[in-house]
Amino acid sequence: MLKIGYMLGDDIGLEVVPETVNVMKAAAAAVGLEIEWTELPLGKKGHELHGHTMPEFTVQALQKTDGFISGPIGHNAYPRNDPTWIMPPLRKRFDMYANVKPVKSYANIQSVHKGVDIVFLREVTEGMQASGTVVAGSGEFRPNDEISIGHRVVTRKGASRVAREAFEIARTRKRKKVTAVHKEPVYRLVCGMFAEECRKMAQNYPDVELEEVLVDGFAMKLVMKPQQYDVVVTTNQFGDILTDEGAGLVGGLGLAPGLVVGEHHAMGQATHGSAPDIAGRNIANPYAMIMSGKMLFEWLGRKRNEPRATQAAALIDDAMERVIAQAGSLTADLGGKASTSQMGDAVAEGIRRK
């Protein structure tokens, strides 16, 4: 039996996460996959119950799970300068090192390009983002009012393990191709180390093609012909920018699911924020959260060697494809008139009818 935790988070998380759990339960039941589900407080609910937005109670419970789902966190509205009101650092606490973000176009949803099906992997424990690379203090400093300095960190461990995850995912896809994005000719040491580790990892996957593209050229080619890419792996800041660019090509963040993976745990979490302006109205698009749950099933299938989890993921993918193609149960941002719950119910029902 797999153990999965889920946190509603804040604002629209209270609406889209329950739909995700319902869809995942329908898929698990269809393939005979037993799951023990545990709801845990995080964000405002965590503070209300335990005095902190990331209660130790929740962290300890998550340690005992195989993976978990987190709704969006409304941290912009949290009180400032209060250490009990923070954006929960789940990635850092569980050493989840790779952010996996698929970018996929659909025939009847407006987008810049059609025929796009890319999986981005962004290393998220190091790079330019200072908070992930220091134990205390800041990775940025200003020695005087005219100068500001920041550092960039790349380690062999960090580069190697995100590369391994990229090759593992590529091996499950038809094209079996990994594109490593860097700027080695300029950043010879930091990007050089990242590139070296990607090349080393490629030797372990003779069935997967590796290509290398410089980040500026990649940004241009992604806009012009995204169909040429399959699995893309890159460093933290490059990935932060390129994944949003990719989402823009297929319809925006409402179509941008995400999974953060580590050695022992993975967290399904959509890219979009908590959208307090539409919270409580049952109009939020549940696509990104539902597909984040699907990605968690895919990861559990590979990491826990559980073929039924892989099958459950495929059922969700197929049901979502049909709901979008039929267009009768889509939320307003996707061109329909359905509510959050109606779209979620349509996907779950599509799984049961399969």
# chains A, B, ... in the order shown; residues from 1 in each chain; ligands from 1
$ select_by_dssp --residues "segment 92-337 of chain A" --states "alpha helix (DSSP H)" --output "PyMOL selection string"
chain A and resi 92-93+156-171+190-202+215-224+236-250+287-303+307-326
$ closest_atom_pairs --of "segment 240-298 of chain A" --to "segment 313-322 of chain A" --cutoff "10 Å" --atoms "only C-alpha atoms" --output "CSV"
residue,atom,partner,partner_atom,distance
A:Tyr287,CA,A:Met320,CA,8.2
A:Ile290,CA,A:Ile316,CA,8.3
A:Met291,CA,A:Asp317,CA,7.6
A:Gly293,CA,A:Ala313,CA,8.3
A:Lys294,CA,A:Ala313,CA,4.8
A:Met295,CA,A:Ala313,CA,6.9
A:Leu296,CA,A:Ala313,CA,8.2
A:Phe297,CA,A:Ala313,CA,5.4
A:Glu298,CA,A:Ala313,CA,5.8
$ atom_distance --atom1 "atom CA of Pro307 of chain A" --atom2 "atom CA of Ala30 of chain A"
13.1 Å
$ closest_residue --among "A:Thr235, A:Ser292, A:Val181, A:Thr172" --to "Leu210 of chain A" --atoms "only C-alpha atoms"
A:Val181
$ residues_around --residues "Pro276 of chain A" --least-positions-apart "2" --cutoff "9 Å" --atoms "only C-alpha atoms" --output "list of chain:residue names"
A:Asp10, A:Asp11, A:Ile12, A:Gly74, A:Gly273, A:Ser274, A:Ile278, A:Ala279, A:Gly280
$ atom_distance --atom1 "atom CA of Leu242 of chain A" --atom2 "atom CA of Asp216 of chain A"
10.2 Å
$ residues_around --residues "Gln110 of chain A" --least-positions-apart "2" --cutoff "10 Å" --atoms "only C-alpha atoms" --output "PyMOL selection string"
chain A and resi 105-108+112-114+249-252+334-335
$ write_last_selection --atoms "C-alpha atoms" --output "CSV table (one decimal), in the first residue's frame"
chain,number,residue,atom,x,y,z
A,105,SER,CA,-0.4,21.9,-26.2
A,106,TYR,CA,-3.9,20.8,-27.0
A,107,ALA,CA,-5.6,21.0,-30.3
A,108,ASN,CA,-8.7,23.0,-29.1
A,112,VAL,CA,1.1,30.0,-29.7
A,113,HIS,CA,2.2,26.6,-30.9
A,114,LYS,CA,0.6,23.2,-31.5
A,249,LEU,CA,3.7,28.9,-25.6
A,250,VAL,CA,0.8,26.5,-24.7
A,251,GLY,CA,-1.7,28.7,-22.9
A,252,GLY,CA,-0.2,30.0,-19.6
A,334,LEU,CA,-10.0,27.3,-21.2
A,335,GLY,CA,-13.0,28.6,-23.2
$ residues_around --residues "segment 202-207 of chain A" --least-positions-apart "6" --cutoff "9 Å" --atoms "only C-alpha atoms" --output "list in words"
Ala163, Arg164, Phe167, Glu168, Arg171, Lys176, Lys177 and Val178 of chain A
$ closest_atom_pairs --of "segment 150-243 of chain A" --to "segment 258-263 of chain A" --cutoff "10 Å" --atoms "only C-alpha atoms" --output "Markdown table"
| residue | atom | partner | partner_atom | distance |
| --- | --- | --- | --- | --- |
| A:Arg161 | CA | A:Glu263 | CA | 8.9 |
| A:Val162 | CA | A:Val261 | CA | 9.2 |
| A:Glu165 | CA | A:Val261 | CA | 8.7 |
$ closest_atom_pairs --of "segment 74-111 of chain A" --to "segment 42-50 of chain A" --cutoff "10 Å" --atoms "only C-alpha atoms" --output "CSV"
residue,atom,partner,partner_atom,distance
A:Gly74,CA,A:Gly43,CA,7.6
A:His75,CA,A:Gly43,CA,7.9
A:Tyr78,CA,A:Lys44,CA,8.5
A:Thr84,CA,A:His47,CA,7.5
A:Trp85,CA,A:His47,CA,7.5
A:Ile86,CA,A:Gly43,CA,8.1
A:Met87,CA,A:Gly43,CA,7.7
A:Pro88,CA,A:Gly43,CA,7.2
$ select_by_dssp --residues "segment 184-350 of chain A" --states "strand (DSSP E or B)" --output "list in words"
Glu209, Leu210, Glu211, Glu212, Val213, Leu214, Val231, Val232, Val233, Thr234, Leu259, Val260, Val261, Ala266, Met267 and Gly268 of chain A
$ atom_distance --atom1 "atom CA of Glu184 of chain A" --atom2 "atom CA of Cys198 of chain A"
12.3 Å
$ closest_residue --among "A:Ile241, A:Ala29, A:Val21, A:Ala247" --to "Gly344 of chain A" --atoms "only C-alpha atoms"
A:Val21
$ closest_residue --among "A:Met289, A:Met54, A:Leu121, A:Leu255" --to "Thr243 of chain A" --atoms "only C-alpha atoms"
A:Leu121
$ closest_residue --among "A:Ser138, A:Pro102, A:Thr234, A:Ile109" --to "Ala159 of chain A" --atoms "only C-alpha atoms"
A:Thr234
$ closest_residue --among "A:Val135, A:Arg281, A:Glu306, A:Glu349" --to "Ile35 of chain A" --atoms "only C-alpha atoms"
A:Glu306
